[in-house]
Number of protein chains: 2
Amino acid sequence: MRPCTIGLDYGTNSVRALLVDAASGEPLGTSVFDYPHGDAGILLDAADPNVARQHPQDYLDGLIAVTRGAMDQARQHGIGRDDIIGIGVDTTGSTPIPLDATGTPLAMTDAFSGNLAAMAWLWKDHTAHAEATEITAHAADMRPQYLEKCGGTYSSEWFWAKLLRCHRIAPDVFAAAATWVEHADWIPAILTGTTDPNAIKRCICAAGHKAMFHADWDGYPDESFLAVLDPALVALRQSLPDTAVNISDTVGTLTADWAEKLGLKPGIPIAGGAFDAHLGAVGSGIQPGTLVKIIGTSTCDMAVAPLDADLPDIPGLCGIAQESILPGHFGLEAGQSAVGDIFNWFVNRLQPGGAENGSHEALTREAETLKPGQSGLLALDWHNGNRTVLVDQRLTGAMLGMSLHTSPAEMYRALVEATAFGARIIVEHMESYGVNIDRVINCGGISAKNPLVMQIYADVLNRPLDISRSDQTCALGAAMAGAVVAGADAGGHDDFAAAAAAMTGVLEIAFHPIPENAAVYERLFELYRRLHDIFGTRDYAENQFDVMKDLLAIRDETRGS
Amino acid sequence: MRPCTIGLDYGTNSVRALLVDAASGEPLGTSVFDYPHGDAGILLDAADPNVARQHPQDYLDGLIAVTRGAMDQARQHGIGRDDIIGIGVDTTGSTPIPLDATGTPLAMTDAFSGNLAAMAWLWKDHTAHAEATEITAHAADMRPQYLEKCGGTYSSEWFWAKLLRCHRIAPDVFAAAATWVEHADWIPAILTGTTDPNAIKRCICAAGHKAMFHADWDGYPDESFLAVLDPALVALRQSLPDTAVNISDTVGTLTADWAEKLGLKPGIPIAGGAFDAHLGAVGSGIQPGTLVKIIGTSTCDMAVAPLDADLPDIPGLCGIAQESILPGHFGLEAGQSAVGDIFNWFVNRLQPGGAENGSHEALTREAETLKPGQSGLLALDWHNGNRTVLVDQRLTGAMLGMSLHTSPAEMYRALVEATAFGARIIVEHMESYGVNIDRVINCGGISAKNPLVMQIYADVLNRPLDISRSDQTCALGAAMAGAVVAGADAGGHDDFAAAAAAMTGVLEIAFHPIPENAAVYERLFELYRRLHDIFGTRDYAENQFDVMKDLLAIRDETRGS
């Protein structure tokens with residue numbers, strides 16, 4: 001027997017299974033399933049660009065496909081069903097799904113088939129911006145402590161805002177829901193046969209970061225608070241438990257039915273779920289002092305601090321929640337609402353460069369030949385709003401400095417740089433609140449595949465950047481959770497420190513800042529910060545006459561003209 | 001005999017001849033010659049995007065080609081060489097050319113063949129921005145009256161800035177120049193056989209608007225002023241005359257040599273030159289109260305006022321010069337540094353829309369389906385700097401409001417709207433200084449070919465827009481000058497009022513503002529003005545937090561969501 005675990009990693013467009021050796025973290029099988037519904041798995045509404053939903057059926061179809069796919073590969077390494085000792089799960093979030101009294105997603109019932117409001121409300125659905133503003137104002141007035149733990153502003157991406165929005169625009173859907181469950185909690189519930197809506201275990205990661213759950217006030221927001229927002233939320237609140245699980249908790253064991261469907265052994269432990277980013281941080285070997293950046297369509301920037309640390313509330317973070325990343329630690333979550341999504345917008349939606357020169361590869365090749373500052377361009381990376389530190393979905397992208405000679409590659413590079421400046425805002429913000437960051441480990445698709453982006457990030461952040469050894473850190477983190485709930489006796493690990501030591505690492509290749517680039521970016525960052533503050537905050541009022549001048553001066557100096 | 005005249009119209013990329021019936025303005029022959037040198041006729045420098053030069057040989061080769069081409073066509077109407085009674089000329093400007101002592105452009109001598117500094121310095125060459133700033137500061141200090149007539153700021157596009165720049169970067173070229181001549185003065189000199197550099201007649205249009213020439217101080221700037229700028233300019237100043245001609249002046253008659261080359265009759269009168277825009281205004285029938293907008297790669301916005309009118313100095317205009325447009329009137333010149341050039345940048349340089357959906361036609365078709373405000377976008381049209389009212393080449397383009405769904409057509413429309421907002425800034429500025437504008441006549445390529453642009457302009461300006469009957473108004477204006485210098489006795493006209501009545505008119509189709517569009521643009525224009533002021537002026541300092549919010553609010557209202 002060779003003890004292995006499976007991490008199930010539900011992303012924005014697809015689900016992946018990663019099967020690893022629990023002793024070494026070595027990947028032995030992996031499989032990906034693209035969600036078939038909608039546009040790359042996302043159900044859109046042409047009339048409202050804020051809508052982003054998913055069909056829960058895709059989650060189940062994908063679950064079977066990727067688990068069997070990973071097992072098929074692992075079989076070539078001699079791995080069989082009896083070698084799998086545990087399963088962990090991560091998903092996007094906040095992605096709440098309305099369930100009926102039998103635990104069935106409303107979207108999978110005849111009554112609500114095809115109803116967008118009955119689908120999973122994907123993390124990047126921003127229809128609830130008005131409700132988020134309302135919740136923020138209400139909390140500021142009645143329960144300011146609720147806001148302190150989620151960065152001072154409740155987001156349209158989060159649980160209560162989405163539920164409130166649903167009640168307003170689709171009251172029939174809301175009324176039919178016995179509960180709403182985060183995608184991260186629904187998959188463990190499915191695997192463990194938990195059909196009673198009131199019995200579903202809720203993970204601290206989703207509850208703490210997105211649903212105002214905190215031990216200081218006995219869990220979720222109290223009923224009197226919710227009643228003022230909307231009395232309908234009170235009944236919903238009663239379907240939620242008073243406690244939450246973390247990723248070292250076993251929420252149950254694999255049912256015979258699902259063991260059969262997946263080709264696994266029944267009875268193996270299923271770990272508490274978590275969001276992809278949080279388990280990505282775990283899969284990157286997060287520990288106090290280490291910032292893990294997961295750079296993909298968006299970013300998550302994660303840090304941890306021991307539970308006994310004297311940590312202040314930090315405004316603008318998506319939240320600080322106990323044990324949301326690592327058991328025994330505070331989890332700090334920040335992030336950028338769009339990174340790869342911005343590059344993808346430029347390439348796939350704007351489609352620059354005519355027929356041949358507009359691919360990511362072609363634009364990257366040309367952008368690599370440019371020096372920092374040479375284009376005269378400066379962009380704001382708010383095409384999908386700003387998650388940290390402004391917590392404002394009603395911000396938009398911007399670009400300054402275009403001339404009649406500006407090229408697609410220059411604009412592409414400016415967008416990359418904008419996301420790097422956005423990353424630096426977050427790092428400086430955390431540090432300014434006393435969070436020690438002595439190392440940055442990067443993971444996610446962009447960190448593994450795009451050296452230009454990583455070099456620009458190293459230059460802009462002006463610090464070395466490590467790259468996680470695994471290119472599937474979220475799934476690896478989930479698999480680590482599977483190993484921890486299995487325990488050392490079964491061939492897993494007794495805690496995450498042991499799992500990290502055995503199963504994680506970084507690549508030998510790291511990115512180091514180039515001093516002359518860092519010097520130019522220092523100047524550009526100050527201009528970025530000014531645009532950031534004048535368009536993104538309420539209190540900064542200075543004339544910006546010199547922004548375009550400075551960009552041109554930097555451009556001319558860089559070109560040597 | 002059927003009296004006809006020829007207008008020679010030198011544009012940015014090509015030269016056109018228009019042969020018209022002097023009694024009716026009816027076009028009887030036209031021909032275009034694309035300048036063969038450089039990139040679409042423009043010599044560029046990969047190291048410096050500010051460089052834009054032209055080869056004078058192209059002007060001569062084009063002169064022969066288009067005149068013969070127009071005559072060939074007119075021959076089908078029974079027109080022969082003896083029917084041509086006069087010639088007028090317009091060119092771009094300020095486009096100064098260095099000449100040697102024999103009147104030969106340095107670029108056409110062996111010593112300076114291929115030397116960029118010896119070429120014609122095309123109007124949109126912006127290398128002299130530092131020199132323009134220096135001249136402005138020096139004039140403000142020593143001769144403030146010089147600035148009052150050219151809008152308060154001397155531009156890098158203009159005569160003295162370019163000469164000073166040449167002396168600094170290519171002193172050998174400057175030293176070899178016996179004089180510098182505007183393109184608009186060089187062509188009449190060529191046609192009339194004026195080879196003595198000191199004998200070349202200078203038109204008030206170029207001298208007055210671009211070279212600080214004014215009757216109040218006996219012509220060009222005085223030597224003591226120039227000596228402080230650079231002693232080398234003093235000798236150059238001595239090559240310039242003390243008087244200037246207007247378009248009703250005959251600068252000479254066609255030489256036998258050039259009559260032979262062009263297939264015309266020697267001895268016919270050649271009118272004083274002028275800039276293309278000024279003769280475009282004439283060809284559109286300009287008179288007091290009428291704003292003529294020539295909308296092409298850039299715009300010129302032209303107005304006139306009787307010489308006895310009580311006209312204040314107007315800061316930010318490219319200038320107010322006596323008789324620069326119509327004899328007997330002040331000529332007011334304003335303009336936008338780039339309009340069609342911005343749309344062309346988007347289509348040809350950015351090349352959006354993949355292989356098939358990025359043409360002007362395709363983008364226009366899709367942009368036509370959008371409502372004002374629907375995209376959430378707002379742009380600044382400063383990709384080539386800002387000519388009026390900011391007079392600042394060191395400004396750049398900008399766009400705000402991009403989301404991950406923003407489409408090429410939305411961006412294209414936002415760029416069109418930005419140029420319309422820029423146009424409105426100019427109109428409101430003129431009106432605020434007491435210039436009466438009760439009618440707007442548009443001409444130029446875009447006005448004739450792009451109903452979407454014209455409708456947006458009508459909606460943004462919130463007033464009806466007429467379109468000049470001729471689609472070659474600059475050349476028609478030049479042909480009218482040819483008719484006036486020929487005089488009524490020869491079958492031409494005795495003055496421009498008579499020429500305009502006989503030879504100009506507007507199309508039956510006009511563009512009228514759509515009230516609901518105008519209402520949305522009213523709101524967007526206020527946001528445009530705020531961005532205009534905070535990035536383009538020194539004194540406006542207010543927080544801009546609500547710009548993106550307002551754009552999204554307008555977007556949501558427009559979409560009905």
# chains A, B, ... in the order shown; residues from 1 in each chain; ligands from 1
>>> interface_residues(of="chain B", to="chain A", cutoff="6 Å", atoms="only C-alpha atoms", output="PyMOL selection string")
chain B and resi 345+350-355+383-384+395-404+407-408+534-538+540-545+548
>>> residues_around(residues="Leu291 (chain B)", least_positions_apart="2", cutoff="6 Å", atoms="only C-alpha atoms", output="list in words")
Met302, Ala303 and Val440 of chain B
>>> atom_distance(atom1="CA of Ala305 (chain A)", atom2="CA of Gly492 (chain A)")
24.8 Å
>>> closest_residue(among="B:Ile325, B:Ile446, B:Cys150, B:Ile204", to="Asp313 (chain B)", atoms="only C-alpha atoms")
B:Cys150
>>> atom_distance(atom1="CA of Ala74 (chain B)", atom2="CA of Leu19 (chain B)")
7.3 Å
>>> residues_around(residues="Asp257 (chain A)", least_positions_apart="3", cutoff="9 Å", atoms="only C-alpha atoms", output="list of chain:residue names")
A:Leu191, A:Gly193, A:Leu254, A:Glu260, A:Lys261, A:Leu262, A:Pro266
>>> residues_around(residues="Pro241 (chain A)", least_positions_apart="2", cutoff="12 Å", atoms="only C-alpha atoms", output="mmCIF file with N, CA, C and O atoms, in the first residue's frame")
data_model
loop_
_atom_site.group_PDB
_atom_site.id
_atom_site.type_symbol
_atom_site.label_atom_id
_atom_site.label_comp_id
_atom_site.auth_asym_id
_atom_site.auth_seq_id
_atom_site.Cartn_x
_atom_site.Cartn_y
_atom_site.Cartn_z
ATOM 1 N N THR A 179 -32.255 26.259 2.907
ATOM 2 C CA THR A 179 -31.014 26.904 3.344
ATOM 3 C C THR A 179 -30.225 27.299 2.108
ATOM 4 O O THR A 179 -30.602 26.954 0.971
ATOM 5 N N VAL A 181 -26.150 27.148 0.902
ATOM 6 C CA VAL A 181 -24.907 26.521 1.305
ATOM 7 C C VAL A 181 -23.784 26.967 0.376
ATOM 8 O O VAL A 181 -23.962 27.074 -0.830
ATOM 9 N N PRO A 197 -30.712 19.850 5.304
ATOM 10 C CA PRO A 197 -30.108 21.184 5.178
ATOM 11 C C PRO A 197 -29.572 21.712 6.496
ATOM 12 O O PRO A 197 -28.573 22.416 6.516
ATOM 13 N N ASN A 198 -30.229 21.364 7.582
ATOM 14 C CA ASN A 198 -29.814 21.897 8.877
ATOM 15 C C ASN A 198 -28.603 21.161 9.443
ATOM 16 O O ASN A 198 -28.035 21.584 10.447
ATOM 17 N N ALA A 199 -28.229 20.062 8.823
ATOM 18 C CA ALA A 199 -27.114 19.265 9.348
ATOM 19 C C ALA A 199 -25.805 19.523 8.607
ATOM 20 O O ALA A 199 -24.760 18.992 8.979
ATOM 21 N N ILE A 200 -25.875 20.314 7.572
ATOM 22 C CA ILE A 200 -24.663 20.551 6.780
ATOM 23 C C ILE A 200 -23.649 21.333 7.609
ATOM 24 O O ILE A 200 -23.992 22.338 8.231
ATOM 25 N N LYS A 201 -22.430 20.851 7.652
ATOM 26 C CA LYS A 201 -21.387 21.553 8.385
ATOM 27 C C LYS A 201 -20.840 22.695 7.537
ATOM 28 O O LYS A 201 -20.689 22.567 6.320
ATOM 29 N N ARG A 202 -20.573 23.796 8.205
ATOM 30 C CA ARG A 202 -20.124 25.008 7.518
ATOM 31 C C ARG A 202 -18.668 25.254 7.877
ATOM 32 O O ARG A 202 -18.299 25.209 9.062
ATOM 33 N N CYS A 203 -17.887 25.554 6.863
ATOM 34 C CA CYS A 203 -16.458 25.761 7.123
ATOM 35 C C CYS A 203 -16.207 27.193 7.582
ATOM 36 O O CYS A 203 -16.843 28.150 7.116
ATOM 37 N N ILE A 204 -15.258 27.362 8.478
ATOM 38 C CA ILE A 204 -14.911 28.671 9.026
ATOM 39 C C ILE A 204 -14.379 29.592 7.940
ATOM 40 O O ILE A 204 -14.539 30.820 8.003
ATOM 41 N N ALA A 207 -17.561 30.893 6.239
ATOM 42 C CA ALA A 207 -18.387 31.579 7.240
ATOM 43 C C ALA A 207 -17.661 32.793 7.811
ATOM 44 O O ALA A 207 -18.237 33.869 7.969
ATOM 45 N N PHE A 213 -19.279 35.383 10.329
ATOM 46 C CA PHE A 213 -19.237 34.414 11.423
ATOM 47 C C PHE A 213 -18.008 34.703 12.270
ATOM 48 O O PHE A 213 -16.902 34.872 11.763
ATOM 49 N N ASP A 218 -20.707 34.412 18.843
ATOM 50 C CA ASP A 218 -21.387 33.120 18.737
ATOM 51 C C ASP A 218 -21.805 32.806 17.305
ATOM 52 O O ASP A 218 -22.937 32.369 17.053
ATOM 53 N N GLY A 219 -20.917 33.064 16.382
ATOM 54 C CA GLY A 219 -21.159 32.565 15.031
ATOM 55 C C GLY A 219 -21.685 33.608 14.073
ATOM 56 O O GLY A 219 -21.172 34.725 13.988
ATOM 57 N N TYR A 220 -22.723 33.215 13.367
ATOM 58 C CA TYR A 220 -23.285 34.102 12.334
ATOM 59 C C TYR A 220 -23.926 35.335 12.970
ATOM 60 O O TYR A 220 -24.168 35.370 14.180
ATOM 61 N N PRO A 221 -24.235 36.350 12.172
ATOM 62 C CA PRO A 221 -24.888 37.558 12.713
ATOM 63 C C PRO A 221 -26.190 37.193 13.430
ATOM 64 O O PRO A 221 -26.889 36.255 13.036
ATOM 65 N N LEU A 236 -33.754 32.012 7.454
ATOM 66 C CA LEU A 236 -32.573 31.442 6.821
ATOM 67 C C LEU A 236 -31.466 31.257 7.865
ATOM 68 O O LEU A 236 -30.783 30.221 7.900
ATOM 69 N N ARG A 237 -31.326 32.248 8.742
ATOM 70 C CA ARG A 237 -30.306 32.181 9.795
ATOM 71 C C ARG A 237 -30.512 30.963 10.671
ATOM 72 O O ARG A 237 -29.547 30.342 11.131
ATOM 73 N N GLN A 238 -31.767 30.587 10.857
ATOM 74 C CA GLN A 238 -32.057 29.451 11.737
ATOM 75 C C GLN A 238 -31.646 28.116 11.126
ATOM 76 O O GLN A 238 -31.554 27.103 11.817
ATOM 77 N N SER A 239 -31.382 28.105 9.816
ATOM 78 C CA SER A 239 -30.911 26.861 9.191
ATOM 79 C C SER A 239 -29.403 26.691 9.350
ATOM 80 O O SER A 239 -28.846 25.658 8.972
ATOM 81 N N THR A 243 -21.643 26.511 15.059
ATOM 82 C CA THR A 243 -20.199 26.250 15.031
ATOM 83 C C THR A 243 -19.762 26.053 13.588
ATOM 84 O O THR A 243 -20.580 25.834 12.697
ATOM 85 N N ALA A 244 -18.448 26.144 13.403
ATOM 86 C CA ALA A 244 -17.896 25.949 12.072
ATOM 87 C C ALA A 244 -16.716 24.988 12.144
ATOM 88 O O ALA A 244 -16.093 24.845 13.200
ATOM 89 N N VAL A 245 -16.428 24.354 11.036
ATOM 90 C CA VAL A 245 -15.322 23.387 10.991
ATOM 91 C C VAL A 245 -14.130 24.016 10.287
ATOM 92 O O VAL A 245 -14.270 24.967 9.512
#
>>> select_by_dssp(residues="region 331-533 of chain A", states="helix (DSSP H, G or I)", output="count of residues only")
105
>>> residues_around(residues="region 482-488 of chain A", least_positions_apart="2", cutoff="9 Å", atoms="only C-alpha atoms", output="ChimeraX atom specification")
/A:3-7,22,85-89,247-250,268-272,477-480,490-496,498-499
>>> closest_residue(among="B:His55, B:Arg529, B:His429, B:Arg424", to="Leu116 (chain B)", atoms="only C-alpha atoms")
B:His55
>>> select_by_dssp(residues="region 149-326 of chain B", states="strand (DSSP E or B)", output="ChimeraX atom specification")
/B:179-182,203,214,219,245,250-253,269-271,274-275,290-295,299-306,319-322
>>> write_last_selection(atoms="C-alpha atoms", output="CSV table (one decimal), in the first residue's frame")
chain,number,residue,atom,x,y,z
B,179,THR,CA,15.7,81.0,-44.9
B,180,TRP,CA,12.8,78.8,-43.8
B,181,VAL,CA,9.6,78.9,-45.7
B,182,GLU,CA,6.2,77.6,-44.8
B,203,CYS,CA,1.0,84.6,-46.2
B,214,HIS,CA,1.1,91.1,-36.3
B,219,GLY,CA,5.3,91.9,-38.5
B,245,VAL,CA,-0.1,88.6,-48.2
B,250,THR,CA,-1.7,87.8,-56.3
B,251,VAL,CA,1.8,86.7,-55.4
B,252,GLY,CA,2.8,86.4,-59.1
B,253,THR,CA,2.0,84.6,-62.3
B,269,PRO,CA,-2.3,84.6,-61.4
B,270,ILE,CA,-1.3,82.6,-58.4
B,271,ALA,CA,-3.0,83.5,-55.1
B,274,ALA,CA,-3.0,79.6,-46.8
B,275,PHE,CA,-3.4,76.6,-44.5
B,290,THR,CA,-20.7,80.7,-38.7
B,291,LEU,CA,-18.3,78.1,-37.1
B,292,VAL,CA,-16.7,75.9,-39.7
B,293,LYS,CA,-15.4,72.6,-38.4
B,294,ILE,CA,-13.1,70.7,-40.6
B,295,ILE,CA,-13.1,67.2,-39.3
B,299,THR,CA,-9.9,69.3,-36.6
B,300,CYS,CA,-9.7,72.9,-37.3
B,301,ASP,CA,-12.5,75.1,-35.9
B,302,MET,CA,-12.7,78.4,-37.7
B,303,ALA,CA,-14.6,81.6,-37.2
B,304,VAL,CA,-14.3,85.1,-38.5
B,305,ALA,CA,-15.3,88.6,-37.2
B,306,PRO,CA,-15.2,91.9,-39.1
B,319,GLY,CA,-4.7,82.4,-32.7
B,320,ILE,CA,-6.5,85.4,-33.9
B,321,ALA,CA,-5.0,86.9,-37.0
B,322,GLN,CA,-6.1,89.7,-39.3
>>> atom_distance(atom1="CA of Ala309 (chain A)", atom2="CA of Pro327 (chain A)")
14.1 Å
>>> residues_around(residues="Thr388 (chain A)", least_positions_apart="2", cutoff="6 Å", atoms="only C-alpha atoms", output="VMD selection string")
chain A and resid 316 to 317 334 to 335 386 390 to 391
>>> closest_residue(among="A:Ala107, A:Ala448, A:Ala501, A:Met71", to="Pro56 (chain A)", atoms="only C-alpha atoms")
A:Ala107
>>> closest_residue(among="A:Leu229, A:Leu465, A:Val66, A:Ala118", to="Arg16 (chain A)", atoms="only C-alpha atoms")
A:Val66
>>> closest_residue(among="A:Asp100, A:Glu134, A:Asp230, A:Glu333", to="Lys149 (chain A)", atoms="only C-alpha atoms")
A:Glu333
>>> closest_residue(among="A:Val435, A:Ala510, A:Val282, A:Ala418", to="Pro451 (chain A)", atoms="only C-alpha atoms")
A:Ala510
